[in-house]
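Novice: One structure, pasted below without further comment.
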Amino acid sequence: MGKDVIIACDFPNAETTLAFLDRFTGRKPFVKIGMELFYGAGPDIVRTIKARGHQVFLDLKLHDIPNTVKKAMTVLRDLGADIVNLHAAGTAQMMRAALEGLTRPDGTRPLLIAVTQLTSTDQAALENELLIREPIDQVVMHYAMNAKKAGLDGVVCSPLEAAKVHEACGAGFLTVTPGVRFADGDRGDQKRVMTPAEAKRVGSDYIVVGRPITAAADPVAAYERCLSEFVG
Ligand code: C5P
């Protein structure tokens with residue numbers, strides 16, 4: 001696995017998603033399947049997209065007791081996902097159980113990455129609702145370190161945090177970064193954004209790009225532009 005652009009296919013059903021992917025003739029972009037598509041289309045959407053030759057990041061953010069997460073991870077593994085994720089807040093015990101569930105009898109497994117703090121959580125919510133008093137960037141780094149110690153492969157984080165995560169957890173610890181916008185593009189609801197070129201400069205390993213590609217007049221051209229800025 002190297003640097004790549006992952007398209008967030010935030011569509012409500014299989015038909016729309018497959019029609020979208022059909023536009024990429026001769027290309028097999030890395031696809032992110034999130035909750036909307038997975039719950040709307042069912043688990044078969046993973047098998048279908050894999051069978052078409054794409055790599056799949058299954059962004060379901062698991063968070064439950066260790067035994068439940070372990071068993072669910074085995075199911076996701078057997079669907080053929082290449083990257084899966086969970087909430088680091090579920091504790092190191094849950095993360096280790098997830099790794100066990102993901103590991104095939106031959107010792108191979110999909111990559112497992114952790115969500116640290118959701119980018120929608122701010123300092124006020126952290127303090128007033130979760131009763132966590134530390135600065136949010138320290139909490140993010142602490143959770144990233146927990147994920148690293150538990151044996152995970154990386155984290156989902158803002159590109160603005162990618163360099164710090166690599167500094168603390170090592171260059172080989174993956175940073176998968178949403179919040180990417182073209183310099184001349186619409187930010188939508190994303191507040192802390194970087195361009196694909198900037199994300200490359202700060203060392204993001206994968207960028208996750210949704211609406212700048214899915215809502216573009218020419219999604220294939222937008223994807224190619226992301227690739228050329230990010231991968232070069
Ligand atoms: O359309 P856009 O490029 O904003 O899509 C970004 C994708 O990354 C969405 O699927 C969103 O759910 C996901 N994501 C995010 N921020 C996070 C975690 C995931 O934007 N912190």
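Every chain in the structure tokens has a letter given in the order shown (A, B, ...), and although residue numbers restart at 1 in each chain, ligands are simply numbered from 1 in the order shown.
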Go through chain A residue by residue and, counting only C-alpha atoms and all ligand atoms, keep those with an atom at most 8 Å from ligand 1; for each kept residue give the shortest atom pair and its distance in Å to one decimal, ordered by chain and increasing number, as JSON lines.
Specialist:
{"residue": "A:Ala8", "atom": "CA", "partner": "ligand 1", "partner_atom_place_in_ligand_line": "10 (O)", "distance": 4.9}
{"residue": "A:Cys9", "atom": "CA", "partner": "ligand 1", "partner_atom_place_in_ligand_line": "10 (O)", "distance": 7.1}
{"residue": "A:Asp10", "atom": "CA", "partner": "ligand 1", "partner_atom_place_in_ligand_line": "10 (O)", "distance": 5.9}
{"residue": "A:Lys32", "atom": "CA", "partner": "ligand 1", "partner_atom_place_in_ligand_line": "10 (O)", "distance": 7.4}
{"residue": "A:Ile33", "atom": "CA", "partner": "ligand 1", "partner_atom_place_in_ligand_line": "10 (O)", "distance": 7.9}
{"residue": "A:Gly34", "atom": "CA", "partner": "ligand 1", "partner_atom_place_in_ligand_line": "10 (O)", "distance": 6.3}
{"residue": "A:Asp59", "atom": "CA", "partner": "ligand 1", "partner_atom_place_in_ligand_line": "19 (C)", "distance": 7.9}
{"residue": "A:Val115", "atom": "CA", "partner": "ligand 1", "partner_atom_place_in_ligand_line": "18 (C)", "distance": 7.3}
{"residue": "A:Gln117", "atom": "CA", "partner": "ligand 1", "partner_atom_place_in_ligand_line": "21 (N)", "distance": 7.6}
{"residue": "A:Leu118", "atom": "CA", "partner": "ligand 1", "partner_atom_place_in_ligand_line": "21 (N)", "distance": 4.9}
{"residue": "A:Thr119", "atom": "CA", "partner": "ligand 1", "partner_atom_place_in_ligand_line": "21 (N)", "distance": 4.4}
{"residue": "A:Ser120", "atom": "CA", "partner": "ligand 1", "partner_atom_place_in_ligand_line": "21 (N)", "distance": 7.0}
{"residue": "A:Val156", "atom": "CA", "partner": "ligand 1", "partner_atom_place_in_ligand_line": "18 (C)", "distance": 6.6}
{"residue": "A:Cys157", "atom": "CA", "partner": "ligand 1", "partner_atom_place_in_ligand_line": "21 (N)", "distance": 6.1}
{"residue": "A:Ser158", "atom": "CA", "partner": "ligand 1", "partner_atom_place_in_ligand_line": "21 (N)", "distance": 6.6}
{"residue": "A:Thr177", "atom": "CA", "partner": "ligand 1", "partner_atom_place_in_ligand_line": "17 (C)", "distance": 7.7}
{"residue": "A:Pro178", "atom": "CA", "partner": "ligand 1", "partner_atom_place_in_ligand_line": "8 (O)", "distance": 4.7}
{"residue": "A:Gly179", "atom": "CA", "partner": "ligand 1", "partner_atom_place_in_ligand_line": "20 (O)", "distance": 5.4}
{"residue": "A:Val180", "atom": "CA", "partner": "ligand 1", "partner_atom_place_in_ligand_line": "3 (O)", "distance": 6.0}
{"residue": "A:Arg181", "atom": "CA", "partner": "ligand 1", "partner_atom_place_in_ligand_line": "3 (O)", "distance": 7.1}
{"residue": "A:Arg187", "atom": "CA", "partner": "ligand 1", "partner_atom_place_in_ligand_line": "4 (O)", "distance": 7.8}
{"residue": "A:Gly188", "atom": "CA", "partner": "ligand 1", "partner_atom_place_in_ligand_line": "4 (O)", "distance": 7.0}
{"residue": "A:Asp189", "atom": "CA", "partner": "ligand 1", "partner_atom_place_in_ligand_line": "4 (O)", "distance": 7.0}
{"residue": "A:Gln190", "atom": "CA", "partner": "ligand 1", "partner_atom_place_in_ligand_line": "4 (O)", "distance": 5.9}
{"residue": "A:Val208", "atom": "CA", "partner": "ligand 1", "partner_atom_place_in_ligand_line": "8 (O)", "distance": 5.8}
{"residue": "A:Val209", "atom": "CA", "partner": "ligand 1", "partner_atom_place_in_ligand_line": "3 (O)", "distance": 4.1}
{"residue": "A:Gly210", "atom": "CA", "partner": "ligand 1", "partner_atom_place_in_ligand_line": "3 (O)", "distance": 3.4}
{"residue": "A:Arg211", "atom": "CA", "partner": "ligand 1", "partner_atom_place_in_ligand_line": "1 (O)", "distance": 3.7}
{"residue": "A:Pro212", "atom": "CA", "partner": "ligand 1", "partner_atom_place_in_ligand_line": "3 (O)", "distance": 6.0}
{"residue": "A:Ile213", "atom": "CA", "partner": "ligand 1", "partner_atom_place_in_ligand_line": "3 (O)", "distance": 7.8}
{"residue": "A:Thr214", "atom": "CA", "partner": "ligand 1", "partner_atom_place_in_ligand_line": "1 (O)", "distance": 7.7}
Novice: Write a file of the just-selected residues containing C-alpha atoms, as a short mmCIF file (atom, residue, chain, number, x, y, z; two decimals), in the first residue's frame.
Specialist:
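Writing the result to out-v7.cif gives the following:
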data_model
loop_
_atom_site.label_atom_id
_atom_site.label_comp_id
_atom_site.auth_asym_id
_atom_site.auth_seq_id
_atom_site.Cartn_x
_atom_site.Cartn_y
_atom_site.Cartn_z
CA ALA A 8 -15.70 8.67 -0.14
CA CYS A 9 -18.68 7.10 -1.90
CA ASP A 10 -21.33 8.68 0.32
CA LYS A 32 -14.50 4.36 1.00
CA ILE A 33 -17.79 2.78 2.04
CA GLY A 34 -19.31 4.54 5.04
CA ASP A 59 -15.45 3.21 7.45
CA VAL A 115 -10.58 7.35 14.89
CA GLN A 117 -11.55 12.26 18.37
CA LEU A 118 -14.16 13.04 15.73
CA THR A 119 -13.43 16.35 14.04
CA SER A 120 -17.00 17.37 14.96
CA VAL A 156 -7.92 8.75 10.66
CA CYS A 157 -7.01 12.37 11.33
CA SER A 158 -7.09 15.87 9.91
CA THR A 177 -6.91 12.19 6.17
CA PRO A 178 -10.32 13.56 5.17
CA GLY A 179 -10.95 17.32 5.06
CA VAL A 180 -9.37 17.82 1.63
CA ARG A 181 -10.44 20.58 -0.75
CA ARG A 187 -15.35 23.85 1.48
CA GLY A 188 -18.90 22.65 2.27
CA ASP A 189 -19.17 21.84 5.99
CA GLN A 190 -15.44 21.03 6.37
CA VAL A 208 -10.16 10.69 1.69
CA VAL A 209 -12.03 12.91 -0.75
CA GLY A 210 -15.80 12.96 -1.11
CA ARG A 211 -17.75 15.88 -2.53
CA PRO A 212 -14.87 17.55 -4.42
CA ILE A 213 -15.00 14.41 -6.60
CA THR A 214 -18.55 13.03 -6.22
#
Novice: Name the residues of stretch 26-232 of chain A that come out as helix (DSSP H, G or I) in a backbone DSSP run; write them as a PyMOL selection string.
Specialist: chain A and resi 35-41+44-51+66-79+88-90+92-102+123-128+136-150+159-169+196-201+211-214+219-230
Novice: If you count only C-alpha atoms, which residues fall within 12 Å of A:Asp82, apart from same-chain ones fewer than 3 positions away, as a PyMOL selection string?
Specialist: chain A and resi 1+6+30-33+46-47+49-50+53-59+73+76-79+85+102+108-113
Novice: Counting only C-alpha atoms, figure out which residue out of A:Thr25, A:Asn67, A:Thr16, A:Thr116 gets nearest to A:Gly40.
Specialist: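 Using only C-alpha atoms, A:Gly40 sits closest to A:Thr16.
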Novice: Between A:Asp122, A:Asp106, A:Tyr143, A:Ile132, which one has atoms that come closest to A:His87, using only C-alpha atoms?
Specialist: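 So, comparing all the options, the nearest one is A:Tyr143.
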Novice: Please list as a CSV table (one decimal) with C-alpha atoms, in the first residue's frame every residue within 9 Å of stretch 162-170 of chain A, counting only C-alpha atoms and excluding residues in the same chain fewer than 6 positions away.
Specialist:
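Generated output (out_38.csv):
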chain,number,residue,atom,x,y,z
A,140,VAL,CA,-5.9,13.2,19.8
A,141,MET,CA,-2.2,12.4,20.2
A,144,ALA,CA,-3.1,7.9,18.5
A,145,MET,CA,-0.3,6.6,20.8
A,148,LYS,CA,0.0,2.5,18.1
A,154,GLY,CA,-2.6,4.1,11.8
A,155,VAL,CA,-5.3,6.7,12.5
A,176,VAL,CA,-5.6,8.7,6.6
A,177,THR,CA,-6.9,12.2,6.2
A,199,ALA,CA,-1.7,17.1,2.4
A,202,VAL,CA,2.6,17.3,5.4
A,203,GLY,CA,3.0,13.6,4.8
A,204,SER,CA,-0.6,12.2,4.7
A,205,ASP,CA,-0.5,8.6,3.5
Novice: Run DSSP on the backbone and give me the residues of stretch 2-213 of chain A it puts in strand (DSSP E), as a PyMOL selection string.
Specialist: chain A and resi 4-8+30-33+56-62+83-87+111-115+154-156+174-177+206-209
Novice: Counting only C-alpha atoms, which of A:Tyr223, A:Ala14, A:Glu229, A:Gly107 gets nearest to A:Lys28?
Specialist: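 Selected residue with least distance to A:Lys28: A:Tyr223.
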Novice: Nearest residue to A:Phe20 out of A:Leu126, A:Ala97, A:Ala215, A:Leu131, using only C-alpha atoms?
Specialist: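 Among the listed residues, A:Ala215 lies closest to A:Phe20.
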Novice: Could you check which of A:Thr195, A:Pro159, A:Pro66, A:Thr17 is closest to A:Thr48, using only C-alpha atoms?
Specialist: A:Thr17
